[in-house]
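Chemist: To be precise about what I am sending: the file is called protein-v7.csv and holds CSV, N, CA and C atoms.
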chain,number,residue,atom,x,y,z
A,224,MET,N,-41.6,152.2,86.5
A,224,MET,CA,-43.0,152.1,86.4
A,224,MET,C,-43.6,153.4,86.0
A,225,ASP,N,-44.5,153.4,85.0
A,225,ASP,CA,-45.1,154.7,84.6
A,225,ASP,C,-46.2,155.1,85.7
A,226,GLU,N,-46.5,156.3,85.6
A,226,GLU,CA,-47.4,156.9,86.6
A,226,GLU,C,-48.8,156.2,86.7
A,227,LYS,N,-49.3,155.9,85.5
A,227,LYS,CA,-50.6,155.2,85.5
A,227,LYS,C,-50.6,153.9,86.2
A,228,LYS,N,-49.6,153.1,85.9
A,228,LYS,CA,-49.4,151.8,86.5
A,228,LYS,C,-49.2,151.9,88.0
A,229,PHE,N,-48.4,153.0,88.4
A,229,PHE,CA,-48.1,153.2,89.8
A,229,PHE,C,-49.4,153.5,90.6
A,230,HIS,N,-50.3,154.3,90.0
A,230,HIS,CA,-51.6,154.6,90.6
A,230,HIS,C,-52.5,153.4,90.7
A,231,GLU,N,-52.4,152.5,89.7
A,231,GLU,CA,-53.3,151.3,89.7
A,231,GLU,C,-52.8,150.2,90.6
A,232,LYS,N,-51.4,150.0,90.7
A,232,LYS,CA,-50.9,148.9,91.4
A,232,LYS,C,-50.5,149.2,92.8
A,233,VAL,N,-50.1,150.4,93.1
A,233,VAL,CA,-49.5,150.7,94.4
A,233,VAL,C,-50.5,151.5,95.3
A,234,LEU,N,-51.1,152.5,94.8
A,234,LEU,CA,-51.9,153.4,95.6
A,234,LEU,C,-53.3,152.8,95.8
A,235,TYR,N,-53.9,153.2,97.0
A,235,TYR,CA,-55.2,152.8,97.3
A,235,TYR,C,-56.2,153.7,96.5
A,236,ARG,N,-57.3,153.0,96.0
A,236,ARG,CA,-58.4,153.8,95.4
A,236,ARG,C,-59.3,154.2,96.5
A,237,MET,N,-59.9,155.4,96.2
A,237,MET,CA,-60.9,155.9,97.2
A,237,MET,C,-62.2,155.1,97.0
A,238,ARG,N,-62.8,154.7,98.2
A,238,ARG,CA,-64.0,153.9,98.2
A,238,ARG,C,-65.2,154.7,98.6
A,239,HIS,N,-65.0,156.0,98.9
A,239,HIS,CA,-66.1,156.9,99.3
A,239,HIS,C,-66.8,156.3,100.6
A,240,ASN,N,-65.9,156.0,101.6
A,240,ASN,CA,-66.4,155.6,102.9
A,240,ASN,C,-65.6,156.2,104.0
A,241,LYS,N,-65.8,155.8,105.2
A,241,LYS,CA,-65.1,156.4,106.3
A,241,LYS,C,-63.5,156.2,106.3
A,242,TYR,N,-63.0,155.3,105.5
A,242,TYR,CA,-61.6,155.0,105.5
A,242,TYR,C,-60.8,155.7,104.4
A,243,ASP,N,-61.5,156.6,103.7
A,243,ASP,CA,-60.9,157.3,102.6
A,243,ASP,C,-59.8,158.2,103.2
A,244,SER,N,-60.0,158.8,104.3
A,244,SER,CA,-58.9,159.7,104.9
A,244,SER,C,-57.7,158.9,105.2
A,245,LEU,N,-57.8,157.6,105.6
A,245,LEU,CA,-56.6,156.8,105.8
A,245,LEU,C,-55.9,156.4,104.5
A,246,ARG,N,-56.7,156.1,103.5
A,246,ARG,CA,-56.2,155.8,102.2
A,246,ARG,C,-55.5,157.0,101.6
A,247,LYS,N,-56.0,158.2,101.8
A,247,LYS,CA,-55.4,159.4,101.3
A,247,LYS,C,-54.1,159.6,102.0
A,248,SER,N,-54.0,159.4,103.3
A,248,SER,CA,-52.8,159.6,104.1
A,248,SER,C,-51.7,158.6,103.6
A,249,TYR,N,-52.1,157.4,103.5
A,249,TYR,CA,-51.2,156.3,103.0
A,249,TYR,C,-50.6,156.7,101.6
A,250,ASN,N,-51.5,157.1,100.7
A,250,ASN,CA,-51.1,157.4,99.4
A,250,ASN,C,-50.1,158.6,99.4
A,251,LYS,N,-50.4,159.5,100.3
A,251,LYS,CA,-49.5,160.7,100.4
A,251,LYS,C,-48.1,160.3,100.8
A,252,VAL,N,-48.0,159.4,101.8
A,252,VAL,CA,-46.7,158.9,102.3
A,252,VAL,C,-46.0,158.2,101.2
A,253,ILE,N,-46.7,157.3,100.5
A,253,ILE,CA,-46.0,156.5,99.5
A,253,ILE,C,-45.5,157.4,98.3
A,254,LYS,N,-46.3,158.4,97.9
A,254,LYS,CA,-45.9,159.3,96.9
A,254,LYS,C,-44.7,160.1,97.3
A,255,ASN,N,-44.6,160.5,98.6
A,255,ASN,CA,-43.5,161.3,99.1
A,255,ASN,C,-42.2,160.4,99.1
A,256,LYS,N,-42.4,159.2,99.5
A,256,LYS,CA,-41.2,158.3,99.5
A,256,LYS,C,-40.7,158.0,98.1
A,257,VAL,N,-41.6,157.9,97.1
A,257,VAL,CA,-41.2,157.6,95.7
A,257,VAL,C,-40.5,158.9,95.2
A,258,ASN,N,-41.0,160.1,95.6
A,258,ASN,CA,-40.3,161.3,95.1
A,258,ASN,C,-38.9,161.4,95.8
A,259,ASP,N,-38.8,161.0,97.0
A,259,ASP,CA,-37.5,161.0,97.7
A,259,ASP,C,-36.5,160.1,96.9
A,260,VAL,N,-36.9,158.9,96.5
A,260,VAL,CA,-36.1,158.0,95.8
A,260,VAL,C,-35.7,158.6,94.5
A,261,LYS,N,-36.6,159.2,93.8
A,261,LYS,CA,-36.3,159.9,92.5
A,261,LYS,C,-35.3,161.0,92.6
A,262,GLN,N,-35.2,161.6,93.8
A,262,GLN,CA,-34.3,162.7,94.0
A,262,GLN,C,-33.0,162.2,94.6
A,263,GLY,N,-32.9,160.9,94.8
A,263,GLY,CA,-31.6,160.4,95.3
A,263,GLY,C,-31.4,160.5,96.8
A,264,LEU,N,-32.5,160.7,97.5
A,264,LEU,CA,-32.3,160.8,99.0
A,264,LEU,C,-32.2,159.5,99.6
A,265,TYR,N,-31.6,159.4,100.8
A,265,TYR,CA,-31.3,158.1,101.4
A,265,TYR,C,-32.3,157.9,102.5
A,266,GLN,N,-32.5,156.6,102.8
A,266,GLN,CA,-33.4,156.1,103.8
A,266,GLN,C,-32.7,156.2,105.2
A,267,THR,N,-33.4,156.6,106.2
A,267,THR,CA,-32.9,156.6,107.6
A,267,THR,C,-33.2,155.3,108.2
A,268,ILE,N,-32.2,154.7,108.8
A,268,ILE,CA,-32.4,153.4,109.4
A,268,ILE,C,-32.0,153.5,110.9
A,269,TYR,N,-32.9,153.1,111.8
A,269,TYR,CA,-32.6,153.1,113.2
A,269,TYR,C,-32.3,151.8,113.7
A,270,LEU,N,-31.3,151.7,114.7
A,270,LEU,CA,-30.9,150.4,115.3
A,270,LEU,C,-31.2,150.5,116.8
A,271,THR,N,-31.9,149.6,117.3
A,271,THR,CA,-32.3,149.5,118.7
A,271,THR,C,-31.4,148.5,119.4
A,272,LEU,N,-30.7,148.9,120.4
A,272,LEU,CA,-29.9,148.0,121.2
A,272,LEU,C,-30.5,147.7,122.6
A,273,THR,N,-30.4,146.5,123.0
A,273,THR,CA,-30.9,146.2,124.4
A,273,THR,C,-29.7,145.7,125.2
A,274,ILE,N,-29.6,146.3,126.4
A,274,ILE,CA,-28.4,146.0,127.2
A,274,ILE,C,-28.9,145.6,128.6
A,275,MET,N,-28.4,144.5,129.1
A,275,MET,CA,-28.7,144.1,130.5
A,275,MET,C,-27.8,145.0,131.4
A,276,ALA,N,-28.5,145.8,132.3
A,276,ALA,CA,-27.7,146.6,133.2
A,276,ALA,C,-28.5,146.9,134.4
A,277,GLU,N,-27.9,147.3,135.5
A,277,GLU,CA,-28.5,147.5,136.8
A,277,GLU,C,-29.4,148.8,136.7
A,278,ASP,N,-28.8,149.8,136.0
A,278,ASP,CA,-29.6,151.1,135.9
A,278,ASP,C,-29.1,151.8,134.6
A,279,VAL,N,-29.7,153.0,134.3
A,279,VAL,CA,-29.4,153.7,133.1
A,279,VAL,C,-27.9,154.1,133.0
A,280,ALA,N,-27.3,154.5,134.1
A,280,ALA,CA,-25.9,154.9,134.1
A,280,ALA,C,-25.0,153.8,133.7
A,281,ASP,N,-25.3,152.6,134.2
A,281,ASP,CA,-24.6,151.4,133.8
A,281,ASP,C,-24.8,151.1,132.3
A,282,ALA,N,-26.0,151.2,131.8
A,282,ALA,CA,-26.2,150.9,130.4
A,282,ALA,C,-25.5,151.9,129.6
A,283,LYS,N,-25.5,153.2,129.9
A,283,LYS,CA,-24.7,154.2,129.2
A,283,LYS,C,-23.2,153.9,129.2
A,284,ALA,N,-22.7,153.5,130.3
A,284,ALA,CA,-21.3,153.1,130.3
A,284,ALA,C,-21.0,152.0,129.4
A,285,HIS,N,-21.9,151.0,129.2
A,285,HIS,CA,-21.6,149.9,128.3
A,285,HIS,C,-21.7,150.4,126.8
A,286,LEU,N,-22.6,151.4,126.6
A,286,LEU,CA,-22.7,151.9,125.2
A,286,LEU,C,-21.5,152.7,124.8
A,287,VAL,N,-20.9,153.4,125.8
A,287,VAL,CA,-19.7,154.2,125.5
A,287,VAL,C,-18.6,153.3,125.0
A,288,LEU,N,-18.5,152.1,125.6
A,288,LEU,CA,-17.5,151.1,125.2
A,288,LEU,C,-17.6,150.7,123.8
A,289,TRP,N,-18.9,150.6,123.3
A,289,TRP,CA,-19.2,150.2,121.9
A,289,TRP,C,-19.0,151.3,120.9
A,290,ARG,N,-18.8,152.5,121.3
A,290,ARG,CA,-18.8,153.6,120.3
A,290,ARG,C,-17.7,153.4,119.3
A,291,VAL,N,-18.1,153.6,118.0
A,291,VAL,CA,-17.1,153.4,116.9
A,291,VAL,C,-16.7,154.8,116.5
A,292,PRO,N,-15.4,155.1,116.4
A,292,PRO,CA,-15.0,156.4,116.0
A,292,PRO,C,-15.4,156.8,114.6
Let me see the file written as structure tokens.
Modeler:
Amino acid sequence: MDEKKFHEKVLYRMRHNKYDSLRKSYNKVIKNKVNDVKQGLYQTIYLTLTIMAEDVADAKAHLVLWRVP
């Protein structure tokens, strides 16, 4: 996508109201992510696990069993 279309289709336009600061922040994040992709950087993905356990120590013991070398 060329830069003009990117600005038109993806980024928020400023509306000159109280939400422009949010639009500016959103646009900055999106531009940074696009630059990361262009540079071949990878996305960080987090995985959340839920374990039924009596306490934190018991939960940690279960997680140790799941550890992949």
Chemist: Quick check, in Å to one decimal: how far apart do CA of Ala284 in chain A and CA of Tyr269 in chain A lie?
Modeler: 20.5 Å
Chemist: Please indicate the distance in Å from atom N of Leu234 in chain A to CA of Ile268 in chain A, rounded to one decimal place.
Modeler: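 CA of Ile268 in chain A lies 23.7 Å from atom N of Leu234 in chain A.
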Chemist: Which residues come within 7 Å of Arg246 in chain A, counting all atoms listed in the file, excluding same-chain residues fewer than 5 positions away, as an mmCIF file with N, CA and C atoms, in the frame of the given file?
Modeler:
data_model
loop_
_atom_site.group_PDB
_atom_site.id
_atom_site.type_symbol
_atom_site.label_atom_id
_atom_site.label_comp_id
_atom_site.auth_asym_id
_atom_site.auth_seq_id
_atom_site.Cartn_x
_atom_site.Cartn_y
_atom_site.Cartn_z
ATOM 1 N N TYR A 235 -53.900 153.200 97.000
ATOM 2 C CA TYR A 235 -55.200 152.800 97.300
ATOM 3 C C TYR A 235 -56.200 153.700 96.500
ATOM 4 N N ARG A 236 -57.300 153.000 96.000
ATOM 5 C CA ARG A 236 -58.400 153.800 95.400
ATOM 6 C C ARG A 236 -59.300 154.200 96.500
ATOM 7 N N MET A 237 -59.900 155.400 96.200
ATOM 8 C CA MET A 237 -60.900 155.900 97.200
ATOM 9 C C MET A 237 -62.200 155.100 97.000
ATOM 10 N N LYS A 251 -50.400 159.500 100.300
ATOM 11 C CA LYS A 251 -49.500 160.700 100.400
ATOM 12 C C LYS A 251 -48.100 160.300 100.800
#
Chemist: What separation in Å, quoted to one decimal, exists between CA of Thr267 in chain A and CA of Ser248 in chain A?
Modeler: 20.4 Å
Chemist: DSSP on the backbone: which residues in chain A end up as alpha helix (DSSP H)? Give the answer as a PyMOL selection string.
Modeler: chain A and resi 226-232+243-261+279-289
Chemist: At a cut-off of 8 Å, using all atoms listed in the file, what residues contact Val233 in chain A? Leave out same-chain residues fewer than 4 positions from it and give the result as a VMD selection string.
Modeler: chain A and resid 227 to 229 250 253
Chemist: With all heavy atoms as the goal, would you fill in the gaps in range 230-241 of chain A and present it as a short mmCIF file (atom, residue, chain, number, x, y, z; two decimals), in the coordinates of the input?
Modeler:
data_model
loop_
_atom_site.label_atom_id
_atom_site.label_comp_id
_atom_site.auth_asym_id
_atom_site.auth_seq_id
_atom_site.Cartn_x
_atom_site.Cartn_y
_atom_site.Cartn_z
N HIS A 230 -50.30 154.30 90.00
CA HIS A 230 -51.60 154.60 90.60
C HIS A 230 -52.50 153.40 90.70
O HIS A 230 -53.17 153.15 91.70
CB HIS A 230 -52.32 155.73 89.89
CG HIS A 230 -51.76 157.08 90.18
ND1 HIS A 230 -52.13 157.81 91.27
CD2 HIS A 230 -50.83 157.82 89.54
CE1 HIS A 230 -51.47 158.95 91.29
NE2 HIS A 230 -50.66 158.98 90.25
N GLU A 231 -52.40 152.50 89.70
CA GLU A 231 -53.30 151.30 89.70
C GLU A 231 -52.80 150.20 90.60
O GLU A 231 -53.55 149.58 91.27
CB GLU A 231 -53.33 150.76 88.25
CG GLU A 231 -54.09 151.62 87.27
CD GLU A 231 -54.00 151.10 85.85
OE1 GLU A 231 -53.28 150.10 85.60
OE2 GLU A 231 -54.63 151.70 84.97
N LYS A 232 -51.40 150.00 90.70
CA LYS A 232 -50.90 148.90 91.40
C LYS A 232 -50.50 149.20 92.80
O LYS A 232 -50.50 148.31 93.66
CB LYS A 232 -49.63 148.38 90.64
CG LYS A 232 -49.88 147.95 89.23
CD LYS A 232 -50.57 146.63 89.19
CE LYS A 232 -50.75 146.17 87.74
NZ LYS A 232 -51.43 144.93 87.66
N VAL A 233 -50.10 150.40 93.10
CA VAL A 233 -49.50 150.70 94.40
C VAL A 233 -50.50 151.50 95.30
O VAL A 233 -50.66 151.19 96.50
CB VAL A 233 -48.19 151.51 94.28
CG1 VAL A 233 -47.63 151.87 95.64
CG2 VAL A 233 -47.20 150.67 93.49
N LEU A 234 -51.10 152.50 94.80
CA LEU A 234 -51.90 153.40 95.60
C LEU A 234 -53.30 152.80 95.80
O LEU A 234 -53.84 152.11 95.00
CB LEU A 234 -52.03 154.80 94.96
CG LEU A 234 -50.72 155.52 94.76
CD1 LEU A 234 -50.98 156.87 94.08
CD2 LEU A 234 -49.95 155.71 96.05
N TYR A 235 -53.90 153.20 97.00
CA TYR A 235 -55.20 152.80 97.30
C TYR A 235 -56.20 153.70 96.50
O TYR A 235 -56.07 154.87 96.44
CB TYR A 235 -55.54 152.92 98.79
CG TYR A 235 -54.95 151.82 99.63
CD1 TYR A 235 -53.96 152.08 100.57
CD2 TYR A 235 -55.40 150.51 99.51
CE1 TYR A 235 -53.43 151.08 101.36
CE2 TYR A 235 -54.89 149.50 100.29
CZ TYR A 235 -53.90 149.79 101.21
OH TYR A 235 -53.39 148.79 101.99
N ARG A 236 -57.30 153.00 96.00
CA ARG A 236 -58.40 153.80 95.40
C ARG A 236 -59.30 154.20 96.50
O ARG A 236 -59.54 153.56 97.48
CB ARG A 236 -59.12 152.89 94.43
CG ARG A 236 -58.32 152.46 93.26
CD ARG A 236 -59.14 151.63 92.32
NE ARG A 236 -58.27 151.02 91.32
CZ ARG A 236 -58.62 150.03 90.55
NH1 ARG A 236 -59.83 149.52 90.66
NH2 ARG A 236 -57.77 149.54 89.69
N MET A 237 -59.90 155.40 96.20
CA MET A 237 -60.90 155.90 97.20
C MET A 237 -62.20 155.10 97.00
O MET A 237 -62.62 154.79 95.92
CB MET A 237 -61.19 157.40 96.94
CG MET A 237 -59.99 158.31 97.17
SD MET A 237 -59.35 158.24 98.85
CE MET A 237 -57.70 157.61 98.54
N ARG A 238 -62.80 154.70 98.20
CA ARG A 238 -64.00 153.90 98.20
C ARG A 238 -65.20 154.70 98.60
O ARG A 238 -66.29 154.14 98.79
CB ARG A 238 -63.82 152.69 99.08
CG ARG A 238 -62.60 151.85 98.77
CD ARG A 238 -62.92 150.79 97.78
NE ARG A 238 -61.77 149.90 97.63
CZ ARG A 238 -61.49 149.28 96.53
NH1 ARG A 238 -62.27 149.41 95.49
NH2 ARG A 238 -60.43 148.52 96.45
N HIS A 239 -65.00 156.00 98.90
CA HIS A 239 -66.10 156.90 99.30
C HIS A 239 -66.80 156.30 100.60
O HIS A 239 -67.98 156.22 100.69
CB HIS A 239 -67.09 157.08 98.22
CG HIS A 239 -66.44 157.55 96.96
ND1 HIS A 239 -65.83 158.79 96.85
CD2 HIS A 239 -66.24 156.93 95.75
CE1 HIS A 239 -65.32 158.92 95.65
NE2 HIS A 239 -65.54 157.80 94.96
N ASN A 240 -65.90 156.00 101.60
CA ASN A 240 -66.40 155.60 102.90
C ASN A 240 -65.60 156.20 104.00
O ASN A 240 -64.71 157.04 103.68
CB ASN A 240 -66.47 154.02 103.01
CG ASN A 240 -65.11 153.36 102.88
OD1 ASN A 240 -64.07 153.97 103.15
ND2 ASN A 240 -65.10 152.12 102.44
N LYS A 241 -65.80 155.80 105.20
CA LYS A 241 -65.10 156.40 106.30
C LYS A 241 -63.50 156.20 106.30
O LYS A 241 -62.84 156.84 107.07
CB LYS A 241 -65.66 155.95 107.65
CG LYS A 241 -65.49 154.47 107.95
CD LYS A 241 -66.14 154.08 109.25
CE LYS A 241 -65.93 152.61 109.54
NZ LYS A 241 -66.52 152.24 110.82
#
